[in-house]
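Asker: Just so it is clear, I am handing over run.pdb, which has PDB, C-alpha atoms, pLDDT in the B column.
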ATOM      1  CA  MET A   1     -42.228-138.975 -40.518  1.00 52.00           C
ATOM      2  CA  ALA A   2     -45.104-141.093 -39.243  1.00 54.00           C
ATOM      3  CA  TRP A   3     -43.669-144.093 -41.090  1.00 49.00           C
ATOM      4  CA  LEU A   4     -40.374-143.594 -39.206  1.00 51.00           C
ATOM      5  CA  ASP A   5     -42.202-143.743 -35.864  1.00 57.00           C
ATOM      6  CA  ALA A   6     -44.050-146.883 -36.980  1.00 54.00           C
ATOM      7  CA  ALA A   7     -40.756-148.472 -38.062  1.00 52.00           C
ATOM      8  CA  ALA A   8     -39.201-147.700 -34.690  1.00 57.00           C
ATOM      9  CA  ARG A   9     -42.118-149.453 -32.974  1.00 59.00           C
ATOM     10  CA  GLY A  10     -41.860-152.463 -35.290  1.00 60.00           C
ATOM     11  CA  CYS A  11     -45.239-151.738 -36.880  1.00 58.00           C
ATOM     12  CA  VAL A  12     -44.025-151.703 -40.453  1.00 60.00           C
ATOM     13  CA  ASN A  13     -45.995-153.838 -42.913  1.00 67.00           C
ATOM     14  CA  ARG A  14     -43.776-156.666 -44.087  1.00 65.00           C
ATOM     15  CA  PRO A  15     -44.080-158.525 -47.342  1.00 68.00           C
ATOM     16  CA  ALA A  16     -46.066-161.751 -46.988  1.00 69.00           C
ATOM     17  CA  GLY A  17     -43.021-164.016 -47.383  1.00 71.00           C
ATOM     18  CA  GLU A  18     -40.740-162.125 -45.008  1.00 77.00           C
ATOM     19  CA  ARG A  19     -40.323-163.620 -41.548  1.00 79.00           C
ATOM     20  CA  ARG A  20     -39.072-162.044 -38.378  1.00 82.00           C
ATOM     21  CA  VAL A  21     -36.508-164.186 -36.574  1.00 84.00           C
ATOM     22  CA  ILE A  22     -36.027-163.925 -32.824  1.00 87.00           C
ATOM     23  CA  ASN A  23     -33.121-165.800 -31.269  1.00 86.00           C
ATOM     24  CA  VAL A  24     -33.626-166.950 -27.685  1.00 84.00           C
ATOM     25  CA  THR A  25     -31.024-168.710 -25.567  1.00 81.00           C
ATOM     26  CA  VAL A  26     -32.187-170.536 -22.452  1.00 78.00           C
ATOM     27  CA  GLN A  27     -29.593-171.519 -19.886  1.00 71.00           C
ATOM     28  CA  SER A  28     -30.065-173.362 -16.665  1.00 71.00           C
ATOM     29  CA  ASP A  29     -28.484-171.507 -13.778  1.00 72.00           C
ATOM     30  CA  GLU A  30     -26.517-174.110 -11.892  1.00 83.00           C
ATOM     31  CA  ARG A  31     -23.762-171.788 -10.694  1.00 86.00           C
ATOM     32  CA  LEU A  32     -22.844-172.084  -7.029  1.00 92.00           C
ATOM     33  CA  LEU A  33     -21.602-168.505  -6.642  1.00 94.00           C
ATOM     34  CA  LEU A  34     -23.401-165.322  -7.673  1.00 94.00           C
ATOM     35  CA  THR A  35     -22.179-161.755  -7.965  1.00 94.00           C
ATOM     36  CA  VAL A  36     -23.616-159.246  -5.517  1.00 95.00           C
ATOM     37  CA  ALA A  37     -25.903-157.845  -8.219  1.00 95.00           C
ATOM     38  CA  GLU A  38     -27.111-161.335  -9.199  1.00 94.00           C
ATOM     39  CA  ALA A  39     -27.692-162.299  -5.566  1.00 95.00           C
ATOM     40  CA  ALA A  40     -29.619-159.074  -4.968  1.00 96.00           C
ATOM     41  CA  ALA A  41     -31.732-159.676  -8.057  1.00 95.00           C
ATOM     42  CA  ARG A  42     -32.462-163.229  -6.960  1.00 94.00           C
ATOM     43  CA  LEU A  43     -33.637-161.952  -3.540  1.00 95.00           C
ATOM     44  CA  GLY A  44     -35.538-159.067  -5.117  1.00 95.00           C
ATOM     45  CA  ILE A  45     -33.597-156.397  -3.232  1.00 96.00           C
ATOM     46  CA  GLY A  46     -31.238-153.622  -4.222  1.00 96.00           C
ATOM     47  CA  ARG A  47     -27.506-154.023  -4.629  1.00 96.00           C
ATOM     48  CA  THR A  48     -26.771-151.543  -1.818  1.00 97.00           C
ATOM     49  CA  PHE A  49     -28.966-153.442   0.643  1.00 97.00           C
ATOM     50  CA  MET A  50     -27.262-156.681  -0.436  1.00 96.00           C
ATOM     51  CA  TYR A  51     -23.893-155.146   0.438  1.00 95.00           C
ATOM     52  CA  GLN A  52     -25.332-154.166   3.844  1.00 97.00           C
ATOM     53  CA  LEU A  53     -26.449-157.751   4.469  1.00 96.00           C
ATOM     54  CA  LEU A  54     -22.986-159.019   3.521  1.00 95.00           C
ATOM     55  CA  ALA A  55     -21.236-156.470   5.750  1.00 94.00           C
ATOM     56  CA  ALA A  56     -23.496-157.337   8.694  1.00 96.00           C
ATOM     57  CA  GLY A  57     -22.822-161.043   8.230  1.00 94.00           C
ATOM     58  CA  GLU A  58     -26.488-161.767   7.545  1.00 95.00           C
ATOM     59  CA  VAL A  59     -25.534-163.448   4.269  1.00 96.00           C
ATOM     60  CA  ALA A  60     -22.295-165.395   4.003  1.00 94.00           C
ATOM     61  CA  SER A  61     -19.963-164.577   1.156  1.00 93.00           C
ATOM     62  CA  VAL A  62     -16.644-165.624  -0.268  1.00 93.00           C
ATOM     63  CA  HIS A  63     -13.987-163.598  -1.995  1.00 91.00           C
ATOM     64  CA  VAL A  64     -12.786-164.686  -5.401  1.00 91.00           C
ATOM     65  CA  GLY A  65      -9.871-162.393  -6.029  1.00 93.00           C
ATOM     66  CA  ARG A  66     -11.271-158.905  -5.435  1.00 91.00           C
ATOM     67  CA  LEU A  67     -14.846-159.982  -6.073  1.00 90.00           C
ATOM     68  CA  HIS A  68     -17.511-160.609  -3.458  1.00 87.00           C
ATOM     69  CA  LYS A  69     -19.486-163.719  -4.365  1.00 93.00           C
ATOM     70  CA  GLY A  70     -22.550-165.070  -2.622  1.00 92.00           C
ATOM     71  CA  PRO A  71     -23.101-168.809  -2.460  1.00 94.00           C
ATOM     72  CA  VAL A  72     -26.609-169.791  -3.519  1.00 94.00           C
ATOM     73  CA  SER A  73     -26.865-171.847  -0.322  1.00 95.00           C
ATOM     74  CA  ALA A  74     -26.186-168.698   1.753  1.00 96.00           C
ATOM     75  CA  LEU A  75     -29.149-166.974   0.087  1.00 95.00           C
ATOM     76  CA  THR A  76     -31.365-169.947   0.870  1.00 94.00           C
ATOM     77  CA  ASP A  77     -30.166-169.962   4.496  1.00 95.00           C
ATOM     78  CA  TYR A  78     -30.840-166.228   4.821  1.00 95.00           C
ATOM     79  CA  VAL A  79     -34.381-166.589   3.478  1.00 95.00           C
ATOM     80  CA  GLU A  80     -35.099-169.518   5.797  1.00 94.00           C
ATOM     81  CA  ARG A  81     -33.751-167.627   8.841  1.00 93.00           C
ATOM     82  CA  SER A  82     -35.709-164.512   7.883  1.00 90.00           C
ATOM     83  CA  SER A  83     -38.882-166.557   7.402  1.00 88.00           C
ATOM     84  CA  ALA A  84     -38.419-168.293  10.754  1.00 83.00           C
ATOM     85  CA  THR A  85     -37.853-164.957  12.509  1.00 76.00           C
ATOM     86  CA  THR A  86     -40.903-163.395  10.855  1.00 71.00           C
ATOM     87  CA  THR A  87     -43.051-166.399  11.756  1.00 71.00           C
ATOM     88  CA  ALA A  88     -41.804-166.405  15.368  1.00 70.00           C
ATOM     89  CA  ASN A  89     -42.508-162.678  15.748  1.00 70.00           C
ATOM     90  CA  ALA A  90     -45.978-163.032  14.244  1.00 66.00           C
ATOM     91  CA  ASP A  91     -46.941-166.009  16.457  1.00 60.00           C
ATOM     92  CA  PRO A  92     -48.170-164.578  19.833  1.00 61.00           C
ATOM     93  CA  SER A  93     -48.265-167.978  21.613  1.00 57.00           C
TER      94      SER A  93
END
The structure in this file should be written as structure tokens.
Answerer:
Amino acid sequence: MAWLDAAARGCVNRPAGERRVINVTVQSDERLLLTVAEAAARLGIGRTFMYQLLAAGEVASVHVGRLHKGPVSALTDYVERSSATTTANADPS
């Protein structure tokens, strides 16, 4: 059974002429609207917290049918406002 474990990890000896093919697709992300999960991932926060920011009006959103979508520009605005607030609170002068 040790060979089965090695095969599962991809550690199986391959014949000299056999190649492993890995397909990779790279796409540029030029979309203007992101789903809540995508917006949260881009900000590095959780989906629940992203919904809280949307509900509080901290991040602008649009509705496309039943979906909540976040404009990329709204994420940028939120980060800039948050950075300005953090800098202002940290500056004692």
Asker: Separation of CA of Val36 (chain A) and CA of Ala84 (chain A), in Å?
Answerer: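 Distance between the two atoms: 23.8 Å.
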Asker: Could you work out how far CA of Leu33 (chain A) lies from CA of Gly70 (chain A), giving the answer in Å with one decimal?
Answerer: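 Taking CA of Gly70 (chain A) as the start and CA of Leu33 (chain A) as the end point, the length is 5.4 Å.
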Asker: Using only C-alpha atoms, pick whichever of A:Asn23, A:Ser61, A:Thr76, A:Ser28 has the shortest atom-to-atom distance to Leu43 (chain A).
Answerer: A:Thr76
Asker: Which residue, A:Arg31, A:Val79, A:Asn89, A:Pro71, has the smallest gap to Gly44 (chain A) when you use only C-alpha atoms?
Answerer: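 Smallest separation from Gly44 (chain A) among the options: A:Val79.
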Asker: What does the distance between CA of Ala37 (chain A) and CA of Asp77 (chain A) come to in Å, to one decimal place?
Answerer: 18.1 Å
Asker: When distances are computed from all atoms listed in the file, which of A:Thr48, A:Val59, A:Val21, A:Glu30 shows the smallest separation from Ser82 (chain A)?
Answerer: A:Val59
Asker: Excluding same-chain residues fewer than 5 positions from Val62 (chain A), what lies within 12 Å of it counting all atoms listed in the file, as a compact mmCIF listing (two decimals) with C-alpha atoms, in the coordinates of the input?
Answerer:
# COMPACT_ATOMS: atom_id res chain seq x y z
CA LEU A 32 -22.84 -172.08 -7.03
CA LEU A 33 -21.60 -168.50 -6.64
CA LEU A 34 -23.40 -165.32 -7.67
CA THR A 35 -22.18 -161.76 -7.96
CA VAL A 36 -23.62 -159.25 -5.52
CA LEU A 54 -22.99 -159.02 3.52
CA ALA A 55 -21.24 -156.47 5.75
CA GLY A 57 -22.82 -161.04 8.23
CA LEU A 67 -14.85 -159.98 -6.07
CA HIS A 68 -17.51 -160.61 -3.46
CA LYS A 69 -19.49 -163.72 -4.36
CA GLY A 70 -22.55 -165.07 -2.62
CA PRO A 71 -23.10 -168.81 -2.46
CA VAL A 72 -26.61 -169.79 -3.52
CA SER A 73 -26.86 -171.85 -0.32
CA ALA A 74 -26.19 -168.70 1.75
Asker: Let me make sure I understand: among A:Gly65, A:Tyr78, A:Thr86, A:Ala41, which one has the smallest atom-to-atom distance to Leu53 (chain A) if we use only C-alpha atoms?
Answerer: A:Tyr78
